[in-house]
Structure formats: structure tokens, C-alpha cells
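Content type compact mmCIF, C-alpha atoms, from the file start.txt:
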```txt
# COMPACT_ATOMS: atom_id res chain seq x y z
CA ARG A 1 6.96 45.44 11.91
CA LYS A 2 9.72 43.21 13.25
CA GLU A 3 7.28 41.32 15.49
CA ARG A 4 4.82 40.88 12.63
CA LYS A 5 7.63 39.58 10.41
CA GLU A 6 8.72 37.06 13.06
CA ARG A 7 5.15 35.87 13.54
CA LYS A 8 4.77 35.49 9.79
CA GLU A 9 7.97 33.44 9.59
CA GLY A 10 6.77 31.29 12.46
CA ARG A 11 3.53 30.53 10.63
CA THR A 12 5.49 29.65 7.54
CA ARG A 13 7.62 27.12 9.40
CA SER A 14 4.56 25.52 10.95
CA ASN A 15 2.40 25.84 7.88
CA PHE A 16 1.10 22.27 8.24
CA LEU A 17 -0.71 23.32 11.44
CA ARG A 18 -2.96 25.76 9.60
CA PRO A 19 -6.62 24.75 9.39
CA GLN A 20 -7.40 23.27 6.00
CA LYS A 21 -10.53 23.84 3.95
CA MET A 22 -12.28 20.48 3.85
CA THR A 23 -15.53 19.03 2.58
CA THR A 24 -15.99 17.00 5.73
CA SER A 25 -13.50 17.00 8.56
CA PHE A 26 -13.80 15.98 12.15
CA ILE A 27 -12.03 14.11 14.92
CA TYR A 28 -14.21 11.28 16.09
CA SER A 29 -13.29 9.56 19.33
CA HIS A 30 -14.96 7.96 22.32
CA GLU A 31 -11.98 8.88 24.50
CA LYS A 32 -12.17 11.21 27.48
CA LEU A 33 -11.20 14.86 27.35
CA SER A 34 -7.81 14.02 28.88
CA ASP A 35 -6.96 11.88 25.85
CA LEU A 36 -7.87 14.71 23.48
CA MET A 37 -5.69 17.05 25.52
CA SER A 38 -2.88 14.52 25.17
CA LEU A 39 -3.34 14.71 21.40
CA ALA A 40 -3.08 18.50 21.57
CA ASP A 41 0.20 18.15 23.48
CA GLN A 42 1.53 15.89 20.71
CA VAL A 43 0.68 18.57 18.13
CA GLN A 44 2.65 21.15 20.12
CA GLN A 45 5.60 18.78 20.50
CA HIS A 46 5.64 18.02 16.80
CA ALA A 47 5.59 21.75 15.99
CA GLY A 48 8.72 22.00 18.12
CA LEU A 49 10.42 19.37 15.96
CA PHE A 50 10.08 21.55 12.88
CA ASN A 51 11.19 24.69 14.71
CA GLY A 52 14.35 23.01 15.98
CA CYS A 53 13.23 23.29 19.60
CA LEU A 54 12.91 19.62 20.41
CA ASP A 55 15.07 16.56 19.85
CA PRO A 56 12.64 13.72 19.02
CA CYS A 57 15.07 11.01 20.10
CA SER A 58 15.83 12.50 23.51
CA SER A 59 12.18 13.29 24.18
CA GLY A 60 10.95 9.77 23.47
CA TRP A 61 8.56 10.97 20.78
CA LYS A 62 6.53 8.06 19.41
CA ASP A 63 5.10 7.71 15.95
CA TYR A 64 2.51 5.16 14.93
CA LYS A 65 2.30 2.91 11.89
CA PHE A 66 0.69 -0.30 10.67
CA ARG A 67 2.57 -3.23 12.17
CA ASN A 68 0.68 -6.03 10.41
CA VAL A 69 -1.37 -5.74 7.21
CA GLU A 70 -3.15 -8.49 5.27
CA VAL A 71 -5.11 -8.35 2.01
CA GLU A 72 -7.66 -10.61 0.34
CA CYS A 73 -9.08 -9.95 -3.13
CA ILE A 74 -11.76 -12.03 -4.88
CA PRO A 75 -12.52 -10.77 -8.40
CA HIS A 76 -15.93 -11.10 -10.01
CA GLU A 77 -16.27 -14.48 -11.73
CA LYS A 78 -16.44 -12.72 -15.14
CA LYS A 79 -13.26 -10.74 -14.45
CA VAL A 80 -10.97 -13.45 -13.15
CA LYS A 81 -8.73 -13.39 -16.25
CA THR A 82 -7.96 -9.67 -15.83
CA GLY A 83 -7.68 -9.88 -12.04
CA GLY A 84 -10.75 -7.73 -11.45
CA GLU A 85 -11.10 -3.95 -11.31
CA ASP A 86 -10.23 -3.43 -7.64
CA ALA A 87 -6.78 -2.30 -6.51
CA TRP A 88 -4.97 -1.81 -3.21
CA PHE A 89 -1.62 -0.81 -1.75
CA VAL A 90 0.43 -1.04 1.45
CA SER A 91 3.29 1.47 1.66
CA ASP A 92 6.77 0.10 2.37
CA ASN A 93 7.14 2.38 5.40
CA LYS A 94 3.81 1.06 6.76
CA MET A 95 2.48 4.62 7.09
CA GLY A 96 -0.39 4.21 4.64
CA ILE A 97 -2.82 1.72 3.11
CA GLY A 98 -5.56 2.14 0.53
CA VAL A 99 -8.11 0.58 -1.82
CA ALA A 100 -9.66 1.63 -5.13
CA ASP A 101 -12.57 0.33 -7.17
CA GLY A 102 -12.48 0.73 -10.95
CA VAL A 103 -15.80 2.10 -12.26
CA GLY A 104 -17.48 -0.64 -14.26
CA GLY A 105 -19.23 1.79 -16.61
CA TRP A 106 -15.97 2.22 -18.54
CA ASN A 107 -16.38 -1.31 -19.88
CA ASP A 108 -19.13 0.05 -22.16
CA PHE A 109 -16.43 2.07 -23.95
CA GLY A 110 -14.10 -0.93 -24.27
CA VAL A 111 -11.82 0.28 -21.45
CA ASP A 112 -10.64 -1.84 -18.53
CA PRO A 113 -11.03 0.46 -15.48
CA GLY A 114 -8.80 -1.88 -13.49
CA LEU A 115 -5.77 -0.41 -15.25
CA TYR A 116 -6.64 3.04 -13.94
CA SER A 117 -7.40 1.94 -10.36
CA LYS A 118 -4.15 -0.05 -10.14
CA SER A 119 -2.11 2.88 -11.48
CA LEU A 120 -3.81 5.23 -9.03
CA MET A 121 -2.94 3.04 -6.04
CA GLU A 122 0.62 2.39 -7.22
CA ASN A 123 1.26 6.14 -7.49
CA CYS A 124 -0.25 6.74 -4.03
CA LYS A 125 2.12 4.13 -2.60
CA THR A 126 5.09 5.76 -4.33
CA GLU A 127 4.18 9.22 -3.00
CA ILE A 128 3.75 8.02 0.58
CA ASP A 129 7.04 6.10 0.52
CA ARG A 130 8.77 9.09 -1.02
CA SER A 131 7.59 11.39 1.75
CA GLY A 132 9.64 9.24 4.13
CA PHE A 133 9.28 8.26 7.72
CA ASN A 134 9.31 11.38 9.96
CA ASN A 135 9.94 13.52 6.89
CA LYS A 136 7.68 15.98 5.10
CA MET A 137 4.07 15.07 5.87
CA ARG A 138 1.19 15.51 3.46
CA SER A 139 -2.52 15.00 3.78
CA GLY A 140 -4.29 12.11 2.13
CA GLU A 141 -5.83 14.58 -0.29
CA GLU A 142 -2.37 15.73 -1.40
CA TYR A 143 -1.21 12.16 -1.99
CA LEU A 144 -4.39 11.47 -3.95
CA THR A 145 -4.03 14.67 -5.97
CA LYS A 146 -0.45 13.89 -6.99
CA SER A 147 -1.44 10.37 -8.00
CA TYR A 148 -4.47 11.69 -9.90
CA GLU A 149 -2.29 14.09 -11.88
CA LYS A 150 0.09 11.29 -12.84
CA CYS A 151 -2.80 9.19 -14.17
CA LYS A 152 -4.32 11.83 -16.46
CA LYS A 153 -3.14 10.04 -19.62
CA ILE A 154 -4.65 6.70 -18.59
CA GLU A 155 -8.17 5.90 -19.73
CA GLY A 156 -10.61 4.78 -17.07
CA GLY A 157 -12.05 5.82 -13.73
CA SER A 158 -12.00 4.74 -10.10
CA THR A 159 -13.00 5.50 -6.53
CA ALA A 160 -10.28 5.85 -3.89
CA LEU A 161 -9.84 5.40 -0.13
CA LEU A 162 -6.56 6.22 1.65
CA CYS A 163 -5.63 5.70 5.28
CA VAL A 164 -2.46 7.63 6.23
CA PHE A 165 -0.68 8.50 9.48
CA GLN A 166 0.01 12.22 9.87
CA PHE A 167 2.01 12.65 13.09
CA GLY A 168 2.07 10.85 16.40
CA SER A 169 -1.09 8.79 16.74
CA LEU A 170 -3.19 10.96 14.41
CA LEU A 171 -4.63 8.88 11.57
CA GLU A 172 -6.30 10.43 8.52
CA LEU A 173 -8.84 8.65 6.36
CA CYS A 174 -9.45 10.22 2.96
CA ASN A 175 -12.41 8.80 1.03
CA LEU A 176 -13.79 9.56 -2.43
CA GLY A 177 -16.52 7.18 -3.55
CA ASP A 178 -18.33 4.19 -2.09
CA SER A 179 -15.47 2.22 -0.54
CA CYS A 180 -15.53 2.38 3.25
CA ALA A 181 -13.24 2.07 6.26
CA LEU A 182 -14.09 0.69 9.69
CA VAL A 183 -11.91 1.45 12.73
CA LEU A 184 -12.25 -0.84 15.76
CA ARG A 185 -10.79 -0.63 19.27
CA ARG A 186 -10.25 -3.34 21.87
CA SER A 187 -12.34 -3.59 25.01
CA HIS A 188 -11.58 -5.96 27.88
CA ARG A 189 -14.48 -8.08 29.12
CA ALA A 190 -15.12 -9.41 32.61
CA ASP A 191 -14.10 -12.91 31.53
CA ALA A 192 -10.64 -11.54 30.50
CA SER A 193 -11.46 -11.90 26.79
CA ILE A 194 -10.81 -9.13 24.27
CA GLN A 195 -13.59 -7.83 22.03
CA TYR A 196 -13.36 -5.18 19.32
CA GLU A 197 -15.94 -2.38 19.18
CA GLU A 198 -16.71 0.13 16.45
CA LEU A 199 -14.96 3.47 16.78
CA LEU A 200 -15.47 5.03 13.34
CA LYS A 201 -17.10 4.15 10.02
CA THR A 202 -16.67 6.32 6.94
CA ILE A 203 -19.65 7.33 4.81
CA GLU A 204 -20.20 6.56 1.15
CA GLN A 205 -20.12 9.41 -1.37
CA GLN A 206 -22.64 9.08 -4.18
CA HIS A 207 -24.03 11.48 -6.79
CA TYR A 208 -27.07 9.24 -6.92
CA PHE A 209 -27.59 5.52 -6.39
CA PRO A 210 -25.60 3.61 -7.53
CA VAL A 211 -23.19 6.19 -9.02
CA PRO A 212 -20.33 7.04 -6.62
CA TYR A 213 -17.93 9.95 -6.64
CA GLN A 214 -15.01 8.98 -8.87
CA LEU A 215 -11.80 10.12 -10.48
CA ALA A 216 -11.15 9.75 -14.20
CA GLY A 217 -8.11 9.88 -16.45
CA ASP A 218 -8.07 10.69 -20.16
CA ILE A 219 -11.69 11.27 -21.29
CA SER A 220 -10.95 13.19 -24.50
CA ASN A 221 -11.77 10.22 -26.75
CA PHE A 222 -15.10 9.52 -25.08
CA ILE A 223 -16.86 12.89 -24.81
CA GLU A 224 -18.63 12.55 -28.18
CA LYS A 225 -19.36 8.85 -27.63
CA SER A 226 -20.99 9.63 -24.28
CA LYS A 227 -23.32 12.16 -25.94
CA THR A 228 -24.53 9.67 -28.55
CA ARG A 229 -25.14 7.06 -25.84
CA ASP A 230 -26.75 9.56 -23.47
CA VAL A 231 -24.14 8.76 -20.83
CA THR A 232 -22.45 11.27 -18.51
CA ILE A 233 -18.74 10.82 -17.83
CA ILE A 234 -18.03 11.81 -14.23
CA ASN A 235 -14.65 13.19 -13.25
CA ASP A 236 -14.66 14.52 -9.69
CA SER A 237 -11.81 16.39 -8.06
CA PRO A 238 -9.68 14.90 -5.27
CA LYS A 239 -10.74 17.97 -3.28
CA SER A 240 -14.24 16.48 -3.11
CA CYS A 241 -13.04 13.70 -0.80
CA ASN A 242 -14.29 13.34 2.76
CA LYS A 243 -11.63 13.50 5.49
CA TYR A 244 -11.73 11.89 8.90
CA TYR A 245 -9.19 12.22 11.72
CA ILE A 246 -8.87 9.94 14.70
CA ASN A 247 -6.49 9.59 17.66
CA THR A 248 -5.42 5.95 17.47
CA GLN A 249 -4.05 3.54 20.04
CA LYS A 250 -1.84 0.49 19.89
CA ARG A 251 -3.59 -2.56 18.36
CA ASP A 252 -6.50 -0.57 16.95
CA LEU A 253 -7.85 -2.47 13.95
CA VAL A 254 -8.51 -0.77 10.59
CA ILE A 255 -10.55 -2.56 7.91
CA LEU A 256 -10.77 -1.11 4.39
CA GLY A 257 -13.09 -2.59 1.80
CA THR A 258 -14.47 -1.85 -1.63
CA ASP A 259 -18.23 -1.83 -2.13
CA GLY A 260 -18.10 -5.56 -2.85
CA LEU A 261 -17.61 -6.03 0.91
CA TRP A 262 -19.95 -3.37 2.31
CA ASP A 263 -22.82 -4.02 -0.15
CA ASN A 264 -23.03 -7.59 1.09
CA LEU A 265 -22.12 -7.48 4.80
CA PHE A 266 -23.59 -5.28 7.51
CA ASP A 267 -21.22 -3.66 10.01
CA GLU A 268 -22.53 -5.95 12.75
CA GLU A 269 -21.66 -9.01 10.66
CA VAL A 270 -18.13 -7.73 10.08
CA ILE A 271 -17.59 -7.07 13.79
CA LYS A 272 -19.00 -10.49 14.68
CA ILE A 273 -16.45 -12.18 12.42
CA VAL A 274 -13.68 -10.09 14.01
CA ASN A 275 -14.67 -11.12 17.52
CA GLN A 276 -14.82 -14.81 16.67
CA LEU A 277 -11.00 -14.74 16.66
CA ASP A 278 -8.81 -14.83 19.76
CA TRP A 279 -6.99 -11.48 20.05
CA ALA A 280 -5.69 -12.03 23.60
CA LYS A 281 -2.13 -12.91 22.57
CA GLU A 282 -0.23 -10.39 20.48
CA LYS A 283 1.86 -13.12 18.84
CA ASN A 284 -1.28 -14.39 17.08
CA ASP A 285 -2.08 -11.03 15.44
CA GLN A 286 -0.57 -11.83 12.04
CA LYS A 287 -2.36 -15.17 11.81
CA ASN A 288 -5.62 -13.60 12.98
CA LEU A 289 -5.41 -10.86 10.36
CA LYS A 290 -4.85 -13.39 7.58
CA THR A 291 -7.82 -15.44 8.78
CA LEU A 292 -9.94 -12.32 9.17
CA VAL A 293 -9.54 -10.97 5.63
CA GLU A 294 -10.15 -14.44 4.17
CA GLN A 295 -13.32 -14.97 6.21
CA LEU A 296 -14.68 -11.49 5.43
CA ALA A 297 -14.11 -11.89 1.70
CA ARG A 298 -15.65 -15.37 1.64
CA ALA A 299 -18.66 -14.26 3.69
CA ALA A 300 -19.26 -11.31 1.34
CA LYS A 301 -18.90 -13.61 -1.69
CA ALA A 302 -21.42 -16.09 -0.25
CA LYS A 303 -24.01 -13.39 0.45
CA SER A 304 -23.51 -11.79 -2.96
CA VAL A 305 -24.91 -14.91 -4.65
CA GLY A 306 -27.40 -15.78 -1.91
CA LYS A 307 -30.92 -14.57 -1.12
CA GLY A 308 -30.36 -13.26 2.41
CA LEU A 309 -30.82 -9.69 3.62
CA THR A 310 -27.93 -7.42 2.56
CA PRO A 311 -27.10 -3.69 2.67
CA PHE A 312 -27.47 -3.57 -1.14
CA GLU A 313 -31.04 -4.87 -0.87
CA SER A 314 -31.82 -2.17 1.69
CA LYS A 315 -30.37 0.54 -0.58
CA CYS A 316 -32.50 -0.64 -3.50
CA ARG A 317 -35.61 -0.26 -1.37
CA VAL A 318 -34.67 3.22 -0.15
CA TYR A 319 -33.31 4.77 -3.34
CA ARG A 320 -35.21 2.90 -6.07
CA ASN A 321 -38.31 1.68 -4.25
CA GLU A 322 -37.29 -1.70 -5.64
CA ILE A 323 -37.95 -4.95 -3.83
CA ARG A 324 -35.22 -7.51 -4.51
CA ARG A 325 -33.53 -10.28 -2.58
CA GLY A 326 -29.87 -11.02 -2.06
CA GLY A 327 -26.61 -9.17 -2.52
CA LYS A 328 -24.57 -7.71 -5.36
CA GLN A 329 -21.97 -9.68 -7.27
CA ASP A 330 -18.82 -7.61 -7.58
CA ASP A 331 -15.08 -7.59 -7.01
CA ILE A 332 -14.37 -7.94 -3.28
CA THR A 333 -11.22 -6.49 -1.71
CA VAL A 334 -10.47 -6.40 2.01
CA VAL A 335 -7.41 -4.78 3.62
CA ALA A 336 -6.95 -5.12 7.39
CA GLY A 337 -4.18 -3.57 9.46
CA LEU A 338 -3.23 -3.46 13.13
CA ILE A 339 -1.70 -0.26 14.50
CA ASP A 340 1.49 -0.21 16.56
CA GLU A 341 3.68 2.50 18.09
CA CYS A 342 7.33 3.00 17.23
CA THR A 343 9.94 5.28 18.78
CA CYS A 344 11.37 7.90 16.44
CA SER A 345 14.96 7.16 15.38
CA ALA A 346 17.77 9.57 14.50
CA ASN A 347 17.65 8.41 10.88
```
Would you mind giving the structure from this file in C-alpha cells?
Amino acid sequence: RKERKERKEGRTRSNFLRPQKMTTSFIYSHEKLSDLMSLADQVQQHAGLFNGCLDPCSSGWKDYKFRNVEVECIPHEKKVKTGGEDAWFVSDNKMGIGVADGVGGWNDFGVDPGLYSKSLMENCKTEIDRSGFNNKMRSGEEYLTKSYEKCKKIEGGSTALLCVFQFGSLLELCNLGDSCALVLRRSHRADASIQYEELLKTIEQQHYFPVPYQLAGDISNFIEKSKTRDVTIINDSPKSCNKYYINTQKRDLVILGTDGLWDNLFDEEVIKIVNQLDWAKEKNDQKNLKTLVEQLARAAKAKSVGKGLTPFESKCRVYRNEIRRGGKQDDITVVAGLIDECTCSAN
């Protein structure tokens, strides 16, 4: 009985290591087995931190965070006065970033969904900052759930995408809806140049095209109205989000975008724009990120009003059997961050 009690207490102290029930969860990496074993060693070391068996400062334990982050947002031309319906955040401790896209269908009820998406992201930022650096860690789903609960009295709806560091180099991407994240890693070419290659791309969540998974706030005043208009109000649970885990490295590049970006640019076009910049010198990273988000947003805007081939056109053919040309005019938000390592401090 004593041994069982001790084992039970041990599991309680390391409760965060228990497997979680997830809709979609996997570690995706092109690294060799040795790198995955290194990640397993980091998990064991971090368990020691919570059990009081390891001094993080003396051991040289390294955490990762976003060193540089840049954002570019171009609202739809009809929504410029309100600033658009997209929202984003960058936590003060640089441990998390995220984007949200207000669901345009709420405009039919006279509600600006941008108010909900902005409140959702602001609360996510507050929760991540409150958790503290090297303090109690939570999953992206937990951050999203807490923010969702705080927004229950706000009318409107939104998708959500969070990118949060858990421990060491382990990065979690939590996605609900049709925003997407692209993770790129450097590769050194024979001519000494640096090119970024795709490591992971999240998948859209849709009930049916073009209706994404979404969160909603106060819907009590709109239930009867939706019945008379033959409209269904969707309010998914944060537990429905897809989760992705990846072992990151220094100077990995993470690009988050609302559907205004990914409906108008193919992944190959995004990567091409990334590799047109010179990433050889680390001192140019901040300038490159600023240029990158501006170029991506402008390219998406140009294709949204053009007649060229776009992902949105391809989706219309597949899901609607509809032949159309060009992209989709929408709010466009791009968040790009470079990952860096930092040694754990006593504070």
C-alpha cells in the first residue's frame, strides 16, 4: 500500500506528463531518431525540475521562445473603418503567438464579429503571460478554453489558432477553424546560401465548405432569429481543436495566417517569398521578418482581386463543382516569428 501511495503521489506531481485525450495529436519531424531521443531526455529532465531533483540553472537547461515576431494586417476594403474582423496576439514573455478570424456570418445579425475575435486573442495573451516563464505550463487547449469562458457574454464568433511553447524545444500548435500555421526549417545549400523548407503545415477544420469550426459567445438573443432565417448558429468546443507537437530548433520560422492568406497563396508561393530574402546573417532577421509579412500580405491581397489560380478556386471546384477564377477578398493577417533558445534563469 505504501508503494502504491508513493507511485500515486509521483504521478500527481508529474501530472502534466500524462497522455491527453486529443482529437488529433502527433509529433511531426524530419529529424533522425537521435533527435527524438534527445527530446525524450528533455522530458525526463523537466520532470526532475518539478520533483525537486534537478537545478535548472546548474544543469544548463534551455528553454525556447520567439525571439523576433512581426505582424501585418490588411482588412477587407469594406471593413477598413472597423479595422477588420481578424485579430492576433504576441505574448509579452514571447512564449506564444496566435491569430483569430471573426466569422462574417454574424454581420447578418448586426454584430461585429471582430469584437469577439479581438477579445478572444487578448484573453489568450493574458493567460499565457500569467502562466509565467518557467512556471505552470498549460496546453494551448487550456489557454483557449479559459479565454473562451471569459468571452461568453460577448456576441459574435471566431476561429482560433495558438502557437505555444510547452517545455524545452517542444512547440504546440492548437488550431480550431480554417486559419493555418506553416513551420519552416533552414537548410544549407552547396553555394553557402540558406533556404527554408517546409517542416509542418496544419490542416483546416471545416464542417462543410466554406463553414469552419468556430467558437461563439452569447447566442441567446439569436436562437429564434436563426430559426426564422433558416440559419444554424455554430458554437464548437475548444476541445474540438487539432493539436500538433514539434521539436523545434534555433531560427526555425513559424508563419501563422488567417484564411485571407491561405485562400489566396499556395504553400509553394509562400516558401518562395521566404527564400527570396537573405537569411545568412542573423543580424538581418528582424528586418527580414518585417519585409516577409509585408510581402506575404501584399501578394495575398493582389491575388484576391486578380484572376490567377488560387487555393480558393481549387476548393470551389472540389467542394462545389463550381468553376470560377481568382481568389477570395477577405481580411488578411500574417504573423511570423523566429525561434531562439534561452538559458533558464533563477528568477
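Compared by their closest atoms to Glu77 (chain A), and using all atoms listed in the file, the residues A:Cys174, A:Leu338, A:Ile332, A:Leu261 rank with A:Ile332 nearest.
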>> Neighbouring residues of Glu127 (chain A) were defined as those with any atom within 10 Å, considering only C-alpha atoms; residues of the same chain fewer than 3 positions away were excluded. Please report them as number ranges by chain.
In response: A: 91, 121-124, 130-132, 138, 142-144, 146-147
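Considering only C-alpha atoms, the residue among A:Ser304, A:Asp267, A:Glu341, A:Ile246 positioned nearest to His76 (chain A) is A:Ser304.
Of note, CA of Phe66 (chain A) and CA of Pro238 (chain A) are spaced 24.3 Å apart.
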With region 178-188 of chain A as the partner and 7 Å as the cut-off, tabulate the residues of region 245-274 of chain A that qualify, each row holding the nearest pair of atoms and their distance in Å to one decimal, using only C-alpha atoms, sorted by chain and rising number, as a Markdown table.
```
| residue | atom | partner | partner_atom | distance |
| --- | --- | --- | --- | --- |
| A:Asp252 | CA | A:Arg185 | CA | 4.9 |
| A:Leu253 | CA | A:Leu184 | CA | 5.0 |
| A:Val254 | CA | A:Val183 | CA | 4.6 |
| A:Ile255 | CA | A:Leu182 | CA | 5.1 |
| A:Leu256 | CA | A:Ala181 | CA | 4.4 |
| A:Gly257 | CA | A:Cys180 | CA | 5.7 |
| A:Thr258 | CA | A:Ser179 | CA | 4.3 |
| A:Asp259 | CA | A:Ser179 | CA | 5.2 |
```
Hey, can you spit out that residue selection with C-alpha atoms as a CSV table (one decimal), keeping the file's coordinate frame?
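again_33.csv, freshly written:
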```csv
chain,number,residue,atom,x,y,z
A,252,ASP,CA,-6.5,-0.6,17.0
A,253,LEU,CA,-7.8,-2.5,14.0
A,254,VAL,CA,-8.5,-0.8,10.6
A,255,ILE,CA,-10.6,-2.6,7.9
A,256,LEU,CA,-10.8,-1.1,4.4
A,257,GLY,CA,-13.1,-2.6,1.8
A,258,THR,CA,-14.5,-1.8,-1.6
A,259,ASP,CA,-18.2,-1.8,-2.1
```
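The spacing separating CA of Asp101 (chain A) from CA of Glu172 (chain A) amounts to 19.7 Å.
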So that I can see what lies close to Ser220 (chain A), please list as a PDB file with C-alpha atoms, in the frame of the given file the residues with an atom at most 10 Å from it, counting all atoms listed in the file and leaving out residues fewer than 3 positions away in the same chain.
```
ATOM      1  CA  LYS A 153      -3.140  10.040 -19.620  1.00  0.00           C
ATOM      2  CA  GLU A 155      -8.170   5.900 -19.730  1.00  0.00           C
ATOM      3  CA  GLY A 217      -8.110   9.880 -16.450  1.00  0.00           C
ATOM      4  CA  ILE A 223     -16.860  12.890 -24.810  1.00  0.00           C
ATOM      5  CA  GLU A 224     -18.630  12.550 -28.180  1.00  0.00           C
ATOM      6  CA  LYS A 225     -19.360   8.850 -27.630  1.00  0.00           C
TER       7      LYS A 225
END
```
>> Quick one: residues within 8 Å of Arg67 (chain A), all atoms listed in the file, excluding same-chain residues fewer than 5 positions away - as a ChimeraX atom specification?
In response: /A:94,337-340
Could you save the residues just selected, with C-alpha atoms, as a PDB file, keeping the file's coordinate frame?
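Generated output (result38.pdb):
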```
ATOM      1  CA  LYS A  94       3.810   1.060   6.760  1.00  0.00           C
ATOM      2  CA  GLY A 337      -4.180  -3.570   9.460  1.00  0.00           C
ATOM      3  CA  LEU A 338      -3.230  -3.460  13.130  1.00  0.00           C
ATOM      4  CA  ILE A 339      -1.700  -0.260  14.500  1.00  0.00           C
ATOM      5  CA  ASP A 340       1.490  -0.210  16.560  1.00  0.00           C
TER       6      ASP A 340
END
```
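Of the residues listed (A:Asp112, A:Gly157, A:Glu85, A:Trp279), A:Trp279 shows the shortest atom-to-atom separation from Arg251 (chain A); distances use all atoms listed in the file.
Going from CA of Glu72 (chain A) over to CA of Ala297 (chain A), you cover 6.7 Å.
Restricting the calculation to only C-alpha atoms, the smallest distance between His207 (chain A) and any of A:Pro311, A:Leu176, A:Asp285, A:Gln195 is found for A:Leu176.
By all atoms listed in the file, and with residues fewer than 4 positions from Asn288 (chain A) along its chain excluded, the set lying at most 8 Å from it is Leu277, Asp278, Trp279, Asn284 and Leu292 of chain A.
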>> I'd like the neighbourhood of Val164 (chain A) as a PyMOL selection string, where a residue qualifies if any of its atoms comes within 9 Å (using all atoms listed in the file), though same-chain residues fewer than 6 positions away should be ignored.
In response: chain A and resi 65+95-98+128+139-140+170-174
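Compared by their closest atoms to Lys301 (chain A), and using all atoms listed in the file, the residues A:Gln249, A:Ser226, A:Gln329, A:Thr126 rank with A:Gln329 nearest.
Nearest-residue note for Lys290 (chain A): choosing from A:Lys150, A:Val335, A:Arg229, A:Ala302, the minimum distance belongs to A:Val335, counting only C-alpha atoms.
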>> Residues proximal to (-9.4, 17.9, -7.6) were defined as those with any atom within 10 Å of that point in the file's coordinates, counting all atoms listed in the file. Which are they, as a PyMOL selection string?
In response: chain A and resi 141-142+144-146+148-149+215+235-241
Using C-alpha atoms, give me region 168-185 of chain A from the structure I just pasted, as a PDB file, in the first residue's frame.
```pdb
ATOM      1  CA  GLY A 168      12.351  22.872 -23.770  1.00  0.00           C
ATOM      2  CA  SER A 169      12.080  22.952 -27.546  1.00  0.00           C
ATOM      3  CA  LEU A 170       8.603  21.391 -27.694  1.00  0.00           C
ATOM      4  CA  LEU A 171       6.184  23.653 -29.561  1.00  0.00           C
ATOM      5  CA  GLU A 172       2.423  23.077 -29.575  1.00  0.00           C
ATOM      6  CA  LEU A 173       0.101  24.323 -32.287  1.00  0.00           C
ATOM      7  CA  CYS A 174      -3.584  24.355 -31.371  1.00  0.00           C
ATOM      8  CA  ASN A 175      -5.966  25.039 -34.262  1.00  0.00           C
ATOM      9  CA  LEU A 176      -9.742  25.394 -34.409  1.00  0.00           C
ATOM     10  CA  GLY A 177     -11.041  26.565 -37.775  1.00  0.00           C
ATOM     11  CA  ASP A 178      -9.555  27.461 -41.140  1.00  0.00           C
ATOM     12  CA  SER A 179      -6.541  29.549 -40.137  1.00  0.00           C
ATOM     13  CA  CYS A 180      -3.275  27.696 -40.709  1.00  0.00           C
ATOM     14  CA  ALA A 181       0.319  27.593 -39.489  1.00  0.00           C
ATOM     15  CA  LEU A 182       3.425  26.765 -41.505  1.00  0.00           C
ATOM     16  CA  VAL A 183       6.690  25.768 -39.796  1.00  0.00           C
ATOM     17  CA  LEU A 184       9.901  26.053 -41.831  1.00  0.00           C
ATOM     18  CA  ARG A 185      13.471  24.951 -41.088  1.00  0.00           C
TER      19      ARG A 185
END
```
